[in-house]
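J.: Right, I'll just put the structure down here and ask away after.
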Amino acid sequence: MNITQLPYIKDIYGFLGSDVMSGLVGLLIIAALVPLNVAALVLVERKVAGHIQLRPGPMEVGPHGILQTLIDAVKLLGKEMVTPGLTDKPLYWLSPIIVVAPAFVGFIPLPFSPLVQIKDVNVGFLLIFSFSSIGVISILMGGWASNNKYSLIGAVRSVAQNVAYEIPLLLSVMPIVMMTNTFKLGEIAQAQSGLWFIFYQPIAAIIFFIATTAETNRAPFDLVEGESELVSGFHTEYTGMRFSLFFLAEYTNMVIAAALFTTFFLGGWYGPVLPGAVWFFAKTYFLLFVVMWMRWTYPRIRFDQLMNFAWKVLIPIALVNLFITAIVLKVL
Amino acid sequence: MLTAGQKKLLVELKSSLAEAVPEGQISESDYAKKGYHLEVRLDKGGLRRVAQTMLDKRFMLETVTAVDFIDSFELVYLYATYYHQYCRVLTRIRIAKDAQPYSVSAIYPAAIWLEREVYDFFGIRFQEHPDLKRIINPDDADYFPLLKNFGKTKFTDQIDDILC
Amino acid sequence: MNTNPYGFNQYIKDILVGGKSLVVGLWITLKRLFTRIVTVQYPRQKLTMTANFRGHIEAIRFDDTKSHHCVACGLCARTCPSHVIKVQGEKTRAGDKKVGTRYYIDFSKCSLCGLCVDVCPEQTITFSKEYELVYYSRWDTVIDLMGRLEGSR
Amino acid sequence: MLNIKTIDDATINQRVYQLNLGPQHPSTHGVMHLLLTLDGEVVVKIEPIIGYSHRGHEKMAENRIYEQYLPNPARMDYLSGMIFNHGYCMAVEKLCGIEVPRRAEYIRVITSELNRIASHFIGTMDYAMGLGAITPFLWGWDDRENILDLLEMISGSRLTYSYGRFGGVRNDITKEFYDGTRKFIDRLRSRFWDYENLINQNVIFIKRSKEVGVISKEDALAFGVTGPTLRGSGVKYDVRKNEPYSAYPEFKFEIPTRKEGDCLARYQVRMAELEQSVNIIEQALDHLPPGPVRAKVPRFVTPPEGDCYVTFESARGAAGFYIVSDGTRVPYRIKVRAPSFSNLFVLTKICPGHFLADIVAIFGSIDVTVPEIDR
């Protein structure tokens with residue numbers, strides 16, 4: 001239920017109030033807010049990394065380096081977009097675009113607060129996961145097209161990694177869907193008014209968190225652009241704006257992953273006194289801090305261990321968890 | 001001030017080396033002044049025989065180097081051990097400028113690189129060496145830098161008479 | 001989780017011990033997150049060099065002659081490994097010692113080994129505290145110590 | 001560890017491709033070029049290509065008198081510059097028969113051990129960074145900064161010290177250095193717990209280092225491997241203990257070794273050596289004898305004709321100077337035995353069969369400095 005679905009809106013605005021327009025307006029808002037959000041996130045990451053490593057992080061631009069990311073964006077805009085020779089031009093040019101597009105679409109079904117939600121798609125759950133898997137194709141295209149052995153290795157690794165972690169991701173969230181028997185994220189969030197689902201499903205929460213970190217190539221699973229092995233993986237040959245598009249997509253996926261965790265396990269917008277959206281963003285940003293925190297603590301997992309961990313640990317545990325939830329729901 | 005263990009080891013070494021390389025002169029030298037206990041001076045050959053006995057005595061090939069005495073080269077092989085008391089053996093062999101000694105890389109794999117470096121800087125070609133090519137200098141270099149006549153310019157002559 | 005087969009409890013123990021070590025790792029980084037920053041923002045704040053710091057060499061101003069004691073003996077020029085020093089001197093009056101007039105060093109080639117400072121019989125050169133040895137052109141690095149002493153050249 | 005399938009040459013050149021790890025690569029600790037022949041991600045053959053930072057130290061030695069060669073050793077292994085500097089002075093002193101006063105020997109031990117701690121910090125934390133953990137590297141750098149400040153206090157420079165002179169050291173240690181070292185030792189001891197739990201116990205770190213790059217005792221002997229890399233394989237060889245030189249016989253310290261010989265063992269040996277070095281420094285500071293810091297030595301030494309070989313324990317292994325002198329003031333030939341040179345060559349034997357990520361780990365765990373190899 002969101003603002004546009006209130007009955008009288010349609011007859012006041014007529015065509016303007018229809019679903020299509022609200023979707024468009026929503027997308028415009030996303031297109032405006034998400035890059036700002038990413039800019040803030042990049043700055044927070046560099047500050048957190050700095051303070052963990054006993055250094056202040058960027059301090060030069062603006063008070064306490066606040067405008068650092070904006071200046072970086074301007075610099076990246078100014079930088080020349082070099083296209084190395086012998087690259088597969090169409091794929092090379094298309095890859096950054098395809099990586100960013102699904103990242104924005106992921107915001108539509110997210111229930112920021114009971115009123116603020118672009119469109120409570122009745123298959124919101126599936127929409128986000130299906131669009132997020134498109135990102136992998138673009139990484140493969142980027143890696144293959146830039147005609148560089150390191151990026152090819154990075155791209156091939158990212159495909160295997162995302163395929164291996166898509167399954168535990170979905171399996172760990174199925175118990176939630178079984179408990180609320182709906183795919184609409186709004187209703188899932190609403191069902192947690194009493195007790196948050198993290199207390200019902202702690203194991204599923206941990207698996208979901210690990211799987212999303214691996215899905216967005218972050219922290220101990222950042223094999224795709226492991227700096228110390230593959231120079232910087234699939235986006236080695238990208239410069240200027242194309243490089244920042246990859247960056248944008250990575251951070252947007254991180255935000256979506258954290259937002260999903262809050263809607264599924266941390267009770268979406270429920271919180272004691274503050275309005276819904278504030279609680280939602282507080283939880284999401286805390287989760288993002290945890291992801292950044294993990295990045296600056298752990299070494300990188302080796303590729304075969306990554307696969308063993310997914311297939312031999314996460315998936316069995318997720319299945320067992322699903323099985324137990326099914327029995328418990330049947331019995332209750 | 002050799003310890004008992006070292007004395008026993010030196011005696012044992014002398015005997016096995018004498019029977020392995022009869023024509024070489026084996027002399028004991030003062031560790032405090034020279035840094036090595038035993039010096040084996042060869043003239044014709046026998047590098048591989050010495051290397052084999054050293055490996056049997058569990059010595060390590062520490063370094064291989066050459067010294068350019070204007071009319072001839074002197075190859076120096078240094079073996080050290082860490083299993084018994086510490087002991088170091090230096091093997092010295094005088095070879096002509098265009099001689100081609102046998103490589104010990106079959107016995108000590110470490111010698112592959114050590115001998116490549118000696119070739120790279122002195123031009124001494126080792127026979128039966130797996131891949132004798134330059135290791136540090138650029139591959140297409142046609143000079144051997146550590147020879148005494150390499151790089152003799154007016155400037156370096158000037159320095160020599162100032163300093164010495 | 002590695003390939004060799006082993007009991008189920010080892011499997012669980014692995015996960016639990018591993019999990020604990022991961023959490024302990026997080027706790028350590030959190031602790032460090034709130035400790036004091038140790039870095040110095042270089043262009044904004046500058047560190048003072050210690051007494052023995054070795055910048056490029058400079059002549060000492062003595063109070064008895066209001067200037068240096070260099071007698072242009074050339075020992076430092078001879079002992080310098082990279083031939084960086086050029087000394088010129090002249091004898092003003094017949095009986096006296098020579099007095100150094102020009103003392104050129106090219107500190108881009110100087111390896112700061114301190115041999116010249118040690119070998120100088122008059123102890124007239126020492127290390128300066130200058131560490132920003134950056135110039136736009138190669139020839140700016142050739143400086144005249146005597147000139148810097150009088151502040152003219 | 002994967003047992004590499006026996007690939008016959010026919011298929012070898014279809015599926016196998018060559019990858020250049022270096023000379024410009026984030027984790028090659030200097031300009032090192034590893035030419036890898038990969039089958040997928042498994043390494044079939046590895047060939048280190050060296051010579052990028054060759055400056056001809058041994059040729060320089062033949063144009064300079066003994067004193068003028070003093071700055072060179074610190075430029076060979078820049079991470080243990082002090083140790084190499086004292087090593088070169090020891091070699092010339094042995095050649096000329098110069099007697100070094102006890103206080104100078106103690107100062108040499110203190111500064112060498114401080115330099116060893118600083119170098120081990122780089123070795124271990126750079127290894128951790130090779131695996132992807134960037135934070136410990138910067139913590140290591142923070143601790144190393146204290147050592148560099150201490151050494152700058154007495155020697156005047158941070159990396160390429162020319163602090164040793166024939167017959168002792170250039171100047172005496174100050175009170176400030178004495179107290180600074182005491183404070184540094186207590187601070188460092190409190191930090192060991194952090195490193196231990198963040199890295200050594202971390203399950204990802206252990207999984208990445210266990211059974212990776214195992215060097216057996218026979219390989220180590222055949223390839224002439226020395227230093228922490230050798231002690232990781234269970235051989236108790238440390239020149240400070242086996243061939244005691246300078247003032248080391250007067251201190252009590254043990255040689256840490258591990259049996260497994262894999263990357264984790266080498267890492268643990270280096271961390272354990274940190275504690276041993278701290279003990280040595282403490283003992284040396286406790287009984288620091290008074291007296292001169294430099295023996296009476298002529299301004300330009302002229303050693304007698306002959307040759308001599310002196311070995312000492314640098315942070316990477318048993319380094320050595322072989323000096324041939326012809327009685328003049330200019331050495332006839334100086335050969336430097338670089339421990340990294342032999343330690344690096346072991347890679348060609350132990351790397352095939354590992355993954356690309358392991359190569360970076362093994363290369364980091366062997367801890368070589370490139371200028372020392374190229375000399």
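Order determines the names: the first chain of the structure tokens is A, the second B, and so forth; residues in each chain are numbered 1 upward, and ligands are numbered 1 upward as they are shown.
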Extract, using only C-alpha atoms, all DNA, RNA and protein residues at most 8 Å from Ser105 (chain B), discarding same-chain residues fewer than 4 positions from it, and format them as an MDAnalysis selection string.

T.: chainID B and resid 109:112 129:130

J.: Mind dumping the selected residues with all heavy atoms as an mmCIF file, in the first residue's frame?

T.:
```
data_model
loop_
_atom_site.group_PDB
_atom_site.id
_atom_site.type_symbol
_atom_site.label_atom_id
_atom_site.label_comp_id
_atom_site.auth_asym_id
_atom_site.auth_seq_id
_atom_site.Cartn_x
_atom_site.Cartn_y
_atom_site.Cartn_z
ATOM 1 N N PRO B 109 71.171 -28.756 -7.324
ATOM 2 C CA PRO B 109 70.344 -27.917 -8.216
ATOM 3 C C PRO B 109 70.602 -26.424 -7.996
ATOM 4 O O PRO B 109 70.412 -25.620 -8.898
ATOM 5 C CB PRO B 109 68.917 -28.287 -7.820
ATOM 6 C CG PRO B 109 69.010 -29.566 -7.091
ATOM 7 C CD PRO B 109 70.374 -29.655 -6.494
ATOM 8 N N ALA B 110 71.064 -26.056 -6.796
ATOM 9 C CA ALA B 110 71.301 -24.612 -6.552
ATOM 10 C C ALA B 110 72.325 -24.086 -7.551
ATOM 11 O O ALA B 110 72.291 -22.921 -7.945
ATOM 12 C CB ALA B 110 71.813 -24.416 -5.125
ATOM 13 N N ALA B 111 73.208 -24.988 -8.003
ATOM 14 C CA ALA B 111 74.291 -24.515 -8.863
ATOM 15 C C ALA B 111 73.758 -24.032 -10.211
ATOM 16 O O ALA B 111 74.442 -23.281 -10.908
ATOM 17 C CB ALA B 111 75.292 -25.657 -9.074
ATOM 18 N N ILE B 112 72.538 -24.432 -10.583
ATOM 19 C CA ILE B 112 72.014 -24.003 -11.904
ATOM 20 C C ILE B 112 72.078 -22.487 -11.986
ATOM 21 O O ILE B 112 72.660 -21.903 -12.914
ATOM 22 C CB ILE B 112 70.574 -24.529 -12.075
ATOM 23 C CG1 ILE B 112 70.572 -26.060 -12.120
ATOM 24 C CG2 ILE B 112 69.940 -23.959 -13.315
ATOM 25 C CD1 ILE B 112 69.175 -26.656 -12.171
ATOM 26 N N HIS B 129 75.316 -28.075 -18.463
ATOM 27 C CA HIS B 129 74.462 -27.219 -17.627
ATOM 28 C C HIS B 129 73.085 -27.185 -18.296
ATOM 29 O O HIS B 129 72.990 -27.023 -19.513
ATOM 30 C CB HIS B 129 75.058 -25.803 -17.577
ATOM 31 C CG HIS B 129 74.377 -24.928 -16.571
ATOM 32 N ND1 HIS B 129 73.168 -24.307 -16.812
ATOM 33 C CD2 HIS B 129 74.717 -24.596 -15.308
ATOM 34 C CE1 HIS B 129 72.804 -23.619 -15.742
ATOM 35 N NE2 HIS B 129 73.713 -23.769 -14.807
ATOM 36 N N PRO B 130 71.970 -27.402 -17.506
ATOM 37 C CA PRO B 130 70.651 -27.520 -18.139
ATOM 38 C C PRO B 130 70.325 -26.377 -19.091
ATOM 39 O O PRO B 130 70.034 -26.598 -20.260
ATOM 40 C CB PRO B 130 69.679 -27.543 -16.971
ATOM 41 C CG PRO B 130 70.492 -27.697 -15.743
ATOM 42 C CD PRO B 130 71.919 -27.489 -16.068
#
```

J.: Taking only C-alpha atoms into account and nothing else, which residues of chain A lie no more than 10 Å away from chain C? Please answer as a list in words.

T.: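 Applying the cut-off to the listed atoms yields Val48, Ala49, Gly50, His51, Ile52, Gln53, Leu54, Arg55, Pro56, Gly57, Met59, Glu60, Val290, Trp293, Met294, Trp296, Thr297, Tyr298, Asp304, Gln305, Asn308, Phe309, Lys312 and Val313 of chain A.
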
J.: Keeping only N, CA, C and O atoms, write the selected residues as an mmCIF file, in the first residue's frame.

T.:
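Below is the file that was written, result.cif:
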```cif
data_model
loop_
_atom_site.group_PDB
_atom_site.id
_atom_site.type_symbol
_atom_site.label_atom_id
_atom_site.label_comp_id
_atom_site.auth_asym_id
_atom_site.auth_seq_id
_atom_site.Cartn_x
_atom_site.Cartn_y
_atom_site.Cartn_z
ATOM 1 N N VAL A 48 36.286 4.576 7.419
ATOM 2 C CA VAL A 48 36.365 3.400 8.319
ATOM 3 C C VAL A 48 37.701 2.699 8.116
ATOM 4 O O VAL A 48 38.422 2.393 9.069
ATOM 5 N N ALA A 49 38.062 2.497 6.839
ATOM 6 C CA ALA A 49 39.348 1.823 6.572
ATOM 7 C C ALA A 49 40.483 2.615 7.219
ATOM 8 O O ALA A 49 41.368 2.066 7.869
ATOM 9 N N GLY A 50 40.430 3.939 7.087
ATOM 10 C CA GLY A 50 41.499 4.760 7.642
ATOM 11 C C GLY A 50 41.592 4.598 9.143
ATOM 12 O O GLY A 50 42.643 4.266 9.699
ATOM 13 N N HIS A 51 40.466 4.749 9.800
ATOM 14 C CA HIS A 51 40.550 4.731 11.276
ATOM 15 C C HIS A 51 40.928 3.362 11.788
ATOM 16 O O HIS A 51 41.629 3.238 12.792
ATOM 17 N N ILE A 52 40.508 2.309 11.064
ATOM 18 C CA ILE A 52 40.949 0.978 11.516
ATOM 19 C C ILE A 52 42.460 0.878 11.383
ATOM 20 O O ILE A 52 43.152 0.273 12.204
ATOM 21 N N GLN A 53 42.993 1.532 10.330
ATOM 22 C CA GLN A 53 44.435 1.435 10.111
ATOM 23 C C GLN A 53 45.155 2.625 10.720
ATOM 24 O O GLN A 53 46.188 3.066 10.200
ATOM 25 N N LEU A 54 44.575 3.220 11.755
ATOM 26 C CA LEU A 54 45.256 4.270 12.532
ATOM 27 C C LEU A 54 45.629 5.470 11.679
ATOM 28 O O LEU A 54 46.646 6.113 11.908
ATOM 29 N N ARG A 55 44.854 5.743 10.639
ATOM 30 C CA ARG A 55 45.125 6.963 9.867
ATOM 31 C C ARG A 55 43.782 7.644 9.616
ATOM 32 O O ARG A 55 42.745 6.980 9.654
ATOM 33 N N PRO A 56 43.763 8.939 9.373
ATOM 34 C CA PRO A 56 42.469 9.655 9.394
ATOM 35 C C PRO A 56 41.633 9.478 8.136
ATOM 36 O O PRO A 56 40.511 9.935 8.094
ATOM 37 N N GLY A 57 42.137 8.846 7.078
ATOM 38 C CA GLY A 57 41.307 8.786 5.878
ATOM 39 C C GLY A 57 41.347 10.133 5.165
ATOM 40 O O GLY A 57 42.123 11.024 5.545
ATOM 41 N N MET A 59 41.243 13.784 4.199
ATOM 42 C CA MET A 59 40.986 14.981 5.001
ATOM 43 C C MET A 59 41.121 16.238 4.160
ATOM 44 O O MET A 59 40.923 17.324 4.638
ATOM 45 N N GLU A 60 41.480 16.074 2.907
ATOM 46 C CA GLU A 60 41.913 17.275 2.162
ATOM 47 C C GLU A 60 40.756 18.105 1.647
ATOM 48 O O GLU A 60 40.737 19.314 1.780
ATOM 49 N N VAL A 290 29.079 -3.132 8.924
ATOM 50 C CA VAL A 290 29.632 -4.465 9.251
ATOM 51 C C VAL A 290 30.363 -5.018 8.022
ATOM 52 O O VAL A 290 31.485 -5.545 8.118
ATOM 53 N N TRP A 293 33.576 -3.299 7.675
ATOM 54 C CA TRP A 293 34.427 -3.715 8.803
ATOM 55 C C TRP A 293 35.073 -5.050 8.477
ATOM 56 O O TRP A 293 36.253 -5.291 8.659
ATOM 57 N N MET A 294 34.256 -5.965 7.874
ATOM 58 C CA MET A 294 34.799 -7.289 7.545
ATOM 59 C C MET A 294 35.874 -7.163 6.471
ATOM 60 O O MET A 294 36.891 -7.873 6.502
ATOM 61 N N TRP A 296 38.102 -4.961 6.049
ATOM 62 C CA TRP A 296 39.434 -4.548 6.496
ATOM 63 C C TRP A 296 39.945 -5.437 7.620
ATOM 64 O O TRP A 296 40.828 -5.054 8.373
ATOM 65 N N THR A 297 39.332 -6.618 7.777
ATOM 66 C CA THR A 297 39.823 -7.510 8.825
ATOM 67 C C THR A 297 40.333 -8.823 8.256
ATOM 68 O O THR A 297 41.298 -9.372 8.750
ATOM 69 N N TYR A 298 39.689 -9.296 7.177
ATOM 70 C CA TYR A 298 39.992 -10.690 6.805
ATOM 71 C C TYR A 298 40.836 -10.744 5.544
ATOM 72 O O TYR A 298 40.711 -9.917 4.663
ATOM 73 N N ASP A 304 39.286 -22.362 -4.651
ATOM 74 C CA ASP A 304 38.666 -23.690 -4.431
ATOM 75 C C ASP A 304 38.015 -23.739 -3.050
ATOM 76 O O ASP A 304 36.976 -24.359 -2.852
ATOM 77 N N GLN A 305 38.582 -23.026 -2.069
ATOM 78 C CA GLN A 305 37.933 -23.023 -0.748
ATOM 79 C C GLN A 305 36.571 -22.326 -0.829
ATOM 80 O O GLN A 305 35.608 -22.697 -0.174
ATOM 81 N N ASN A 308 34.272 -24.884 -2.130
ATOM 82 C CA ASN A 308 33.959 -25.883 -1.099
ATOM 83 C C ASN A 308 33.013 -25.284 -0.071
ATOM 84 O O ASN A 308 32.019 -25.891 0.339
ATOM 85 N N PHE A 309 33.301 -24.044 0.339
ATOM 86 C CA PHE A 309 32.507 -23.417 1.405
ATOM 87 C C PHE A 309 31.048 -23.302 0.970
ATOM 88 O O PHE A 309 30.127 -23.591 1.734
ATOM 89 N N LYS A 312 29.711 -27.220 0.138
ATOM 90 C CA LYS A 312 29.751 -28.254 1.180
ATOM 91 C C LYS A 312 29.258 -27.734 2.527
ATOM 92 O O LYS A 312 29.025 -28.514 3.430
ATOM 93 N N VAL A 313 29.184 -26.393 2.677
ATOM 94 C CA VAL A 313 28.784 -25.933 4.023
ATOM 95 C C VAL A 313 27.466 -25.170 3.934
ATOM 96 O O VAL A 313 26.464 -25.539 4.546
#
```

J.: Enter the distance from CA of Cys89 (chain D) to CA of His120 (chain D), in Å, rounded to one decimal.

T.: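 According to the coordinates, CA of Cys89 (chain D) and CA of His120 (chain D) are separated by 22.9 Å.
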
J.: Chain D residues within 6 Å of chain C, counting only C-alpha atoms: which ones, as a VMD selection string?

T.: chain D and resid 68 71 153 156 162 198 202 to 203

J.: Store the residues of this selection in a file with C-alpha atoms, as a compact mmCIF listing (two decimals), in the first residue's frame.

T.:
```
# COMPACT_ATOMS: atom_id res chain seq x y z
CA GLN D 68 84.13 4.22 -0.22
CA PRO D 71 77.29 2.86 1.58
CA MET D 153 68.23 9.00 16.29
CA GLY D 156 70.90 9.65 11.01
CA SER D 162 76.11 3.95 6.79
CA LEU D 198 44.09 -11.29 14.10
CA ASN D 202 42.28 -16.50 11.82
CA VAL D 203 40.69 -19.48 10.07
```

J.: Enter the distance from CA of Asn147 (chain A) to CA of Ala101 (chain A), in Å, rounded to one decimal.

T.: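 Distance reported for this atom pair: 23.7 Å.
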
J.: Between CA of Ser133 (chain A) and CA of Val159 (chain A), what is the distance in Å, rounded to a tenth?

T.: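 CA of Val159 (chain A) lies 9.8 Å from CA of Ser133 (chain A).
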
J.: Just the residues within 12 Å of Gln85 (chain B), please, counting only C-alpha atoms, with nothing from its chain fewer than 5 positions along; format it as a PyMOL selection string.

T.: (chain B and resi 2-10+37+58-59+80) or (chain D and resi 236-237+239+241-244)

J.: Which of these residues is nearest to chain B, using only C-alpha atoms: C:Lys109, C:Lys97, C:Arg138, C:His83?

T.: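 The shortest atom-to-atom distance to chain B comes from C:His83.
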
J.: For chain B, list the residues within 10 Å of chain D, counting only C-alpha atoms, and write the list as number ranges by chain.

T.: B: 31-36, 55, 58-69, 76, 78-88, 90, 105, 107-114, 117, 121, 134-138, 145-148, 150-151, 156-157, 159-160, 163-164

J.: Restricting the calculation to only C-alpha atoms: of D:Phe177, D:Trp193, D:Phe166, D:Tyr161, which residue gets closest to Met82 (chain D)?

T.: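 Checking each of D:Phe177, D:Trp193, D:Phe166, D:Tyr161 against Met82 (chain D), counting only C-alpha atoms, the winner is D:Tyr161.
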
J.: Could you name the residues that touch region 39-47 of chain B at 6 Å or less, counting only C-alpha atoms, but leaving out those on the same chain fewer than 4 positions away, as a list of chain:residue names?

T.: B:Gly24, B:Gln25, B:Ile26, B:Ser27, B:Val89, B:Leu90, B:Thr91, B:Arg92, B:Ile93, B:Arg94

J.: Please give the complete set of residues from region 64-99 of chain C that DSSP, run on the backbone, assigns to alpha helix (DSSP H), formatted as a compact mmCIF listing (two decimals) with all heavy atoms, in the first residue's frame.

T.:
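File produced: result-v1.txt:
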```
# COMPACT_ATOMS: atom_id res chain seq x y z
N LEU C 75 90.55 16.50 0.82
CA LEU C 75 90.42 15.12 1.31
C LEU C 75 88.99 14.61 1.11
O LEU C 75 88.76 13.49 0.65
CB LEU C 75 90.76 15.09 2.82
CG LEU C 75 92.10 14.46 3.18
CD1 LEU C 75 92.32 14.49 4.69
CD2 LEU C 75 92.11 13.01 2.69
N CYS C 76 88.03 15.50 1.42
CA CYS C 76 86.63 15.04 1.29
C CYS C 76 86.33 14.74 -0.18
O CYS C 76 85.69 13.73 -0.49
CB CYS C 76 85.69 16.12 1.81
SG CYS C 76 86.04 17.73 1.14
N ALA C 77 86.85 15.57 -1.08
CA ALA C 77 86.55 15.33 -2.51
C ALA C 77 87.11 13.98 -2.91
O ALA C 77 86.47 13.20 -3.63
CB ALA C 77 87.15 16.44 -3.34
N ARG C 78 88.32 13.62 -2.37
CA ARG C 78 88.94 12.35 -2.80
C ARG C 78 88.22 11.16 -2.19
O ARG C 78 88.07 10.12 -2.82
CB ARG C 78 90.42 12.31 -2.38
CG ARG C 78 91.33 13.11 -3.28
CD ARG C 78 92.59 12.31 -3.65
NE ARG C 78 93.23 11.68 -2.49
CZ ARG C 78 94.12 12.31 -1.70
NH1 ARG C 78 94.38 13.59 -1.92
NH2 ARG C 78 94.67 11.70 -0.68
N THR C 79 87.74 11.33 -0.95
CA THR C 79 87.18 10.13 -0.32
C THR C 79 85.71 9.90 -0.69
O THR C 79 85.13 8.88 -0.37
CB THR C 79 87.29 10.25 1.21
OG1 THR C 79 86.85 9.01 1.76
CG2 THR C 79 86.39 11.33 1.75
```

J.: May I have the residues within 6 Å of region 95-101 of chain B as a PyMOL selection string, using only C-alpha atoms and disregarding those fewer than 4 positions away in the same chain?

T.: chain B and resi 72-73+125-126

J.: Only N, CA, C and O atoms, please: the residues just picked out, written as an mmCIF file, in the first residue's frame.

T.:
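To be explicit, this is the file written out as part24.cif:
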```
data_model
loop_
_atom_site.group_PDB
_atom_site.id
_atom_site.type_symbol
_atom_site.label_atom_id
_atom_site.label_comp_id
_atom_site.auth_asym_id
_atom_site.auth_seq_id
_atom_site.Cartn_x
_atom_site.Cartn_y
_atom_site.Cartn_z
ATOM 1 N N SER B 72 94.202 -15.869 -16.029
ATOM 2 C CA SER B 72 93.370 -17.090 -15.857
ATOM 3 C C SER B 72 92.238 -16.768 -14.888
ATOM 4 O O SER B 72 92.252 -15.738 -14.221
ATOM 5 N N PHE B 73 91.272 -17.654 -14.858
ATOM 6 C CA PHE B 73 90.162 -17.516 -13.895
ATOM 7 C C PHE B 73 90.435 -18.400 -12.702
ATOM 8 O O PHE B 73 91.180 -19.400 -12.804
ATOM 9 N N ARG B 125 81.824 -20.856 -19.740
ATOM 10 C CA ARG B 125 80.739 -21.757 -20.160
ATOM 11 C C ARG B 125 80.896 -23.069 -19.403
ATOM 12 O O ARG B 125 81.976 -23.663 -19.385
ATOM 13 N N PHE B 126 79.800 -23.511 -18.732
ATOM 14 C CA PHE B 126 79.831 -24.773 -17.973
ATOM 15 C C PHE B 126 79.248 -25.874 -18.860
ATOM 16 O O PHE B 126 78.181 -25.678 -19.468
#
```

J.: Give me the region 273-312 of chain A side of the contact with region 213-237 of chain A, cut-off 7 Å, one line per residue showing its nearest atom pair and distance in Å at one decimal, counting only C-alpha atoms, sorted by chain and residue number, as a Markdown table.

T.:
```
| residue | atom | partner | partner_atom | distance |
| --- | --- | --- | --- | --- |
| A:Val291 | CA | A:Ala219 | CA | 6.9 |
| A:Met294 | CA | A:Ala219 | CA | 5.8 |
| A:Arg295 | CA | A:Ala219 | CA | 4.0 |
| A:Tyr298 | CA | A:Pro220 | CA | 5.8 |
| A:Pro299 | CA | A:Pro220 | CA | 5.9 |
| A:Arg300 | CA | A:Pro220 | CA | 4.5 |
| A:Ile301 | CA | A:Pro220 | CA | 5.7 |
```

J.: Enumerate the residues of chain B with a DSSP assignment of strand (DSSP E or B), computed from the backbone, and present them as an NGL selection string.

T.: :B and (25-28 or 38-42 or 60-69 or 72-81 or 87-96 or 102 or 127)

J.: Counting only C-alpha atoms, which residues of chain D come no farther than 7 Å from chain A, as a ChimeraX atom specification?

T.: /D:25-27,130-135,138-139,204-205,208,357,360

J.: Compile the contact shell of Phe192 (chain D) as a list of chain:residue names: residues with an atom at most 10 Å away, counting only C-alpha atoms, same-chain residues fewer than 3 positions apart removed.

T.: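 Result of the neighbour search: D:Arg187, D:Leu188, D:Arg189, D:Tyr195, D:Glu196, D:Asn197, D:Leu198, D:Met271, D:Ala272, D:Leu274, D:Glu275.
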